[in-house]
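A.B. asks: Would you mind keeping the following structure in view while I ask a few things?
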Amino acid sequence: MNIVSYNIRGCGNSAKRGRIRQLLQRGNTDMCFIQESKVTRVSEGLIKSTWGYVGCNWPAKEAEGRSGGIITIWKKGVIHPISSFRGKGLLGVNALWNGINCYFVNVYSSCLASEKRELWAELLRLKDKLEVGEWVVRGDFNAVKSKEERRGRGGGFKLGEIEDFSSFIDMMELVDVSVVGCTHTWINASGMASSRIDRFLLSEGIIQAWKIVAQYTGSRDISDHRPIWIKA
């Protein structure tokens, strides 16, 4: 299972979708989490021009105006979807993988501290009420776990938010596996500020089943975010 997550900062442009398609094909991608599609109507044509090869399934959460938008795409036959669910800042798929009940959650969080906490609380509620399963939670959390994960942002670290984010990860019983490549996944245009706000969070069962040892960051290309991969 090869999964990539990418905040692409808009996929309405055909040239940009072509570049994403090249990235997915080169990585032999089984599943793709996209954030900030900035598309208010997600059509089958748009998905196919982004995915570009073999059959695929997908749910989407459209952008509000030109803001946000989440899409999850996977190769047919890789997982067997049961249902999907969504909330503010999240799009989830409950599916079977090799007979294992799994939850694949695509996240695009607000920058507002109050809305981040609402998102974390909603994910904890979902985990509490849904059937037992393995979790893959991935996306742009707009939050960091330590001071070292943010550079050049005026020095204003919100220690309470850092502690709350780390507590959320622990309460979800998820693991932030080590990173291979550049740890800071977002870099501003001037290169003077960067943060590790994109990551995969995985349950122990998935780490063992897929033999995950790390998450891998790619090059900054068509977005100010780097793509991130996990590979079984």
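Chain labels A, B, ... are given in the sequence in which chains occur in the structure tokens; within each chain residues are numbered consecutively from 1, and ligands are likewise numbered from 1 in the order shown.
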Compile the contact shell of Asn57 (chain A) as a compact mmCIF listing (two decimals) with C-alpha atoms, in the first residue's frame: residues with an atom at most 8 Å away, counting only C-alpha atoms, same-chain residues fewer than 4 positions apart removed.

C.D. replies:
```txt
# COMPACT_ATOMS: atom_id res chain seq x y z
CA ILE A 73 -8.90 8.86 -4.22
CA TRP A 74 -7.93 5.20 -4.25
CA LYS A 75 -7.28 2.48 -6.79
CA LYS A 76 -10.23 0.14 -7.20
```

A.B. asks: Give me every strand (DSSP E or B) residue in region 47-129 of chain A, going by DSSP on the backbone, as a VMD selection string.

C.D. replies: chain A and resid 56 to 57 60 to 61 64 67 70 to 76 79 to 87 90 to 97 100 to 108

A.B. asks: Take the selection from the previous step and output its residues with N, CA, C and O atoms, as a short mmCIF file (atom, residue, chain, number, x, y, z; two decimals), in the first residue's frame.

C.D. replies:
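See selection34.cif below for the written result:
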```cif
data_model
loop_
_atom_site.label_atom_id
_atom_site.label_comp_id
_atom_site.auth_asym_id
_atom_site.auth_seq_id
_atom_site.Cartn_x
_atom_site.Cartn_y
_atom_site.Cartn_z
N CYS A 56 -10.68 4.08 -10.34
CA CYS A 56 -10.54 4.62 -8.99
C CYS A 56 -11.92 4.90 -8.39
O CYS A 56 -12.92 5.01 -9.09
N ASN A 57 -11.94 4.99 -7.07
CA ASN A 57 -13.11 5.43 -6.32
C ASN A 57 -12.72 6.69 -5.55
O ASN A 57 -11.54 6.90 -5.25
N ALA A 60 -15.52 13.26 -1.95
CA ALA A 60 -14.95 14.61 -1.93
C ALA A 60 -15.77 15.52 -1.02
O ALA A 60 -16.98 15.33 -0.86
N LYS A 61 -15.10 16.47 -0.44
CA LYS A 61 -15.75 17.55 0.31
C LYS A 61 -15.40 18.84 -0.41
O LYS A 61 -14.23 19.24 -0.45
N GLU A 64 -15.48 25.74 0.00
CA GLU A 64 -16.45 26.79 0.26
C GLU A 64 -15.92 28.06 -0.38
O GLU A 64 -14.97 28.66 0.11
N SER A 67 -12.00 28.44 -0.85
CA SER A 67 -11.27 28.04 0.34
C SER A 67 -11.50 26.57 0.67
O SER A 67 -12.64 26.09 0.66
N ILE A 70 -11.50 18.96 0.15
CA ILE A 70 -10.76 17.73 0.46
C ILE A 70 -11.21 16.63 -0.50
O ILE A 70 -12.41 16.46 -0.73
N ILE A 71 -10.26 15.88 -1.04
CA ILE A 71 -10.56 14.76 -1.92
C ILE A 71 -9.71 13.56 -1.51
O ILE A 71 -8.52 13.70 -1.24
N THR A 72 -10.32 12.39 -1.46
CA THR A 72 -9.60 11.14 -1.23
C THR A 72 -9.86 10.22 -2.42
O THR A 72 -11.01 9.97 -2.77
N ILE A 73 -8.79 9.72 -3.04
CA ILE A 73 -8.90 8.86 -4.22
C ILE A 73 -8.13 7.57 -3.95
O ILE A 73 -7.03 7.61 -3.39
N TRP A 74 -8.69 6.44 -4.38
CA TRP A 74 -7.93 5.20 -4.25
C TRP A 74 -8.18 4.29 -5.45
O TRP A 74 -9.22 4.36 -6.10
N LYS A 75 -7.20 3.46 -5.70
CA LYS A 75 -7.28 2.48 -6.79
C LYS A 75 -8.33 1.43 -6.46
O LYS A 75 -8.36 0.90 -5.34
N LYS A 76 -9.20 1.14 -7.42
CA LYS A 76 -10.23 0.14 -7.20
C LYS A 76 -9.62 -1.20 -6.81
O LYS A 76 -8.63 -1.63 -7.39
N ILE A 79 -8.88 -1.14 -1.40
CA ILE A 79 -9.70 -1.24 -0.21
C ILE A 79 -11.15 -1.47 -0.65
O ILE A 79 -11.50 -1.23 -1.81
N HIS A 80 -11.98 -1.92 0.28
CA HIS A 80 -13.38 -2.17 -0.03
C HIS A 80 -14.23 -1.27 0.87
O HIS A 80 -14.44 -1.58 2.06
N PRO A 81 -14.68 -0.13 0.33
CA PRO A 81 -15.37 0.86 1.16
C PRO A 81 -16.69 0.36 1.70
O PRO A 81 -17.44 -0.35 1.02
N ILE A 82 -16.97 0.73 2.94
CA ILE A 82 -18.23 0.41 3.60
C ILE A 82 -19.11 1.66 3.67
O ILE A 82 -20.28 1.65 3.33
N SER A 83 -18.52 2.75 4.12
CA SER A 83 -19.26 4.01 4.25
C SER A 83 -18.26 5.16 4.30
O SER A 83 -17.05 4.95 4.43
N SER A 84 -18.79 6.37 4.18
CA SER A 84 -17.95 7.56 4.33
C SER A 84 -18.60 8.48 5.35
O SER A 84 -19.80 8.37 5.63
N PHE A 85 -17.80 9.36 5.92
CA PHE A 85 -18.32 10.32 6.89
C PHE A 85 -17.54 11.62 6.74
O PHE A 85 -16.43 11.63 6.22
N ARG A 86 -18.13 12.70 7.15
CA ARG A 86 -17.48 14.00 7.00
C ARG A 86 -17.87 14.92 8.13
O ARG A 86 -18.88 14.73 8.81
N GLY A 87 -17.05 15.90 8.35
CA GLY A 87 -17.31 16.93 9.34
C GLY A 87 -16.52 18.15 8.96
O GLY A 87 -15.85 18.18 7.92
N LEU A 90 -12.78 17.56 7.90
CA LEU A 90 -12.39 16.15 7.76
C LEU A 90 -13.29 15.43 6.77
O LEU A 90 -14.46 15.77 6.59
N LEU A 91 -12.72 14.42 6.13
CA LEU A 91 -13.43 13.52 5.22
C LEU A 91 -12.91 12.11 5.49
O LEU A 91 -11.72 11.85 5.35
N GLY A 92 -13.80 11.21 5.91
CA GLY A 92 -13.36 9.88 6.30
C GLY A 92 -14.00 8.78 5.48
O GLY A 92 -15.11 8.93 4.96
N VAL A 93 -13.29 7.67 5.35
CA VAL A 93 -13.80 6.48 4.67
C VAL A 93 -13.58 5.28 5.58
O VAL A 93 -12.46 5.03 6.05
N ASN A 94 -14.65 4.56 5.87
CA ASN A 94 -14.55 3.29 6.58
C ASN A 94 -14.50 2.19 5.53
O ASN A 94 -15.36 2.12 4.65
N ALA A 95 -13.46 1.37 5.57
CA ALA A 95 -13.25 0.37 4.52
C ALA A 95 -12.56 -0.86 5.09
O ALA A 95 -11.94 -0.81 6.17
N LEU A 96 -12.65 -1.96 4.35
CA LEU A 96 -11.91 -3.17 4.69
C LEU A 96 -10.64 -3.25 3.86
O LEU A 96 -10.67 -3.02 2.65
N TRP A 97 -9.53 -3.55 4.52
CA TRP A 97 -8.28 -3.83 3.83
C TRP A 97 -7.81 -5.20 4.32
O TRP A 97 -7.55 -5.38 5.51
N ILE A 100 -9.38 -6.36 7.39
CA ILE A 100 -9.22 -5.52 8.58
C ILE A 100 -10.08 -4.27 8.44
O ILE A 100 -10.06 -3.60 7.40
N ASN A 101 -10.84 -3.96 9.49
CA ASN A 101 -11.68 -2.76 9.49
C ASN A 101 -10.78 -1.53 9.68
O ASN A 101 -10.06 -1.43 10.67
N CYS A 102 -10.84 -0.60 8.72
CA CYS A 102 -9.95 0.56 8.74
C CYS A 102 -10.73 1.86 8.56
O CYS A 102 -11.80 1.88 7.95
N TYR A 103 -10.16 2.93 9.10
CA TYR A 103 -10.70 4.27 8.92
C TYR A 103 -9.61 5.15 8.32
O TYR A 103 -8.55 5.34 8.93
N PHE A 104 -9.86 5.64 7.12
CA PHE A 104 -8.94 6.53 6.43
C PHE A 104 -9.51 7.94 6.50
O PHE A 104 -10.56 8.22 5.91
N VAL A 105 -8.83 8.83 7.21
CA VAL A 105 -9.37 10.16 7.46
C VAL A 105 -8.44 11.22 6.88
O VAL A 105 -7.25 11.27 7.19
N ASN A 106 -9.01 12.05 6.02
CA ASN A 106 -8.31 13.14 5.36
C ASN A 106 -8.66 14.43 6.09
O ASN A 106 -9.83 14.75 6.25
N VAL A 107 -7.64 15.16 6.54
CA VAL A 107 -7.84 16.33 7.40
C VAL A 107 -7.31 17.59 6.75
O VAL A 107 -6.20 17.61 6.20
N TYR A 108 -8.11 18.65 6.79
CA TYR A 108 -7.61 19.99 6.48
C TYR A 108 -8.14 20.94 7.55
O TYR A 108 -9.30 21.31 7.55
#
```

A.B. asks: Could you pull the residues within 10 Å of region 40-54 of chain A, counting only C-alpha atoms, minus those fewer than 3 positions along the same chain, as an mmCIF file with C-alpha atoms, in the first residue's frame?

C.D. replies:
```cif
data_model
loop_
_atom_site.group_PDB
_atom_site.id
_atom_site.type_symbol
_atom_site.label_atom_id
_atom_site.label_comp_id
_atom_site.auth_asym_id
_atom_site.auth_seq_id
_atom_site.Cartn_x
_atom_site.Cartn_y
_atom_site.Cartn_z
ATOM 1 C CA CYS A 11 -6.451 21.636 -8.623
ATOM 2 C CA GLY A 12 -8.697 23.608 -10.969
ATOM 3 C CA ASN A 13 -5.823 24.185 -13.401
ATOM 4 C CA SER A 14 -5.341 21.356 -15.929
ATOM 5 C CA ALA A 15 -1.545 21.832 -16.039
ATOM 6 C CA LYS A 16 -1.384 21.462 -12.268
ATOM 7 C CA ARG A 17 -3.539 18.330 -12.355
ATOM 8 C CA GLY A 18 -1.169 16.930 -14.983
ATOM 9 C CA ARG A 19 1.783 17.481 -12.643
ATOM 10 C CA ILE A 20 -0.075 15.763 -9.793
ATOM 11 C CA ARG A 21 -0.892 12.869 -12.140
ATOM 12 C CA GLN A 22 2.812 12.437 -12.971
ATOM 13 C CA LEU A 23 3.649 12.369 -9.264
ATOM 14 C CA LEU A 24 1.006 9.727 -8.545
ATOM 15 C CA GLN A 25 2.012 7.524 -11.464
ATOM 16 C CA ASN A 28 2.700 3.807 -8.146
ATOM 17 C CA THR A 29 0.135 5.300 -5.778
ATOM 18 C CA MET A 31 -4.357 6.023 -2.389
ATOM 19 C CA CYS A 32 -4.152 9.810 -2.405
ATOM 20 C CA SER A 37 -8.552 21.436 -3.825
ATOM 21 C CA ASN A 57 -13.109 5.434 -6.316
ATOM 22 C CA TRP A 58 -13.401 8.735 -4.501
ATOM 23 C CA PRO A 59 -15.426 10.842 -2.088
ATOM 24 C CA ALA A 60 -14.947 14.613 -1.929
ATOM 25 C CA LYS A 61 -15.751 17.548 0.315
ATOM 26 C CA GLU A 62 -16.130 20.598 -1.909
ATOM 27 C CA ALA A 63 -14.474 23.923 -1.197
ATOM 28 C CA GLU A 64 -16.453 26.791 0.259
ATOM 29 C CA GLY A 65 -15.928 29.513 -2.311
ATOM 30 C CA ARG A 66 -12.213 29.353 -3.081
ATOM 31 C CA SER A 67 -11.268 28.039 0.343
ATOM 32 C CA GLY A 68 -10.528 24.457 1.401
ATOM 33 C CA GLY A 69 -11.778 21.337 -0.319
ATOM 34 C CA ILE A 70 -10.761 17.726 0.456
ATOM 35 C CA ILE A 71 -10.564 14.759 -1.922
ATOM 36 C CA THR A 72 -9.599 11.137 -1.225
ATOM 37 C CA ILE A 73 -8.902 8.861 -4.223
ATOM 38 C CA TRP A 74 -7.933 5.200 -4.253
ATOM 39 C CA LYS A 75 -7.276 2.479 -6.787
ATOM 40 C CA LYS A 76 -10.234 0.141 -7.202
#
```

A.B. asks: Ranking A:Ala121, A:Leu126, A:Ala209, A:Val144 by minimum distance to Phe168 (chain A) and counting only C-alpha atoms, which one comes first?

C.D. replies: A:Ala121
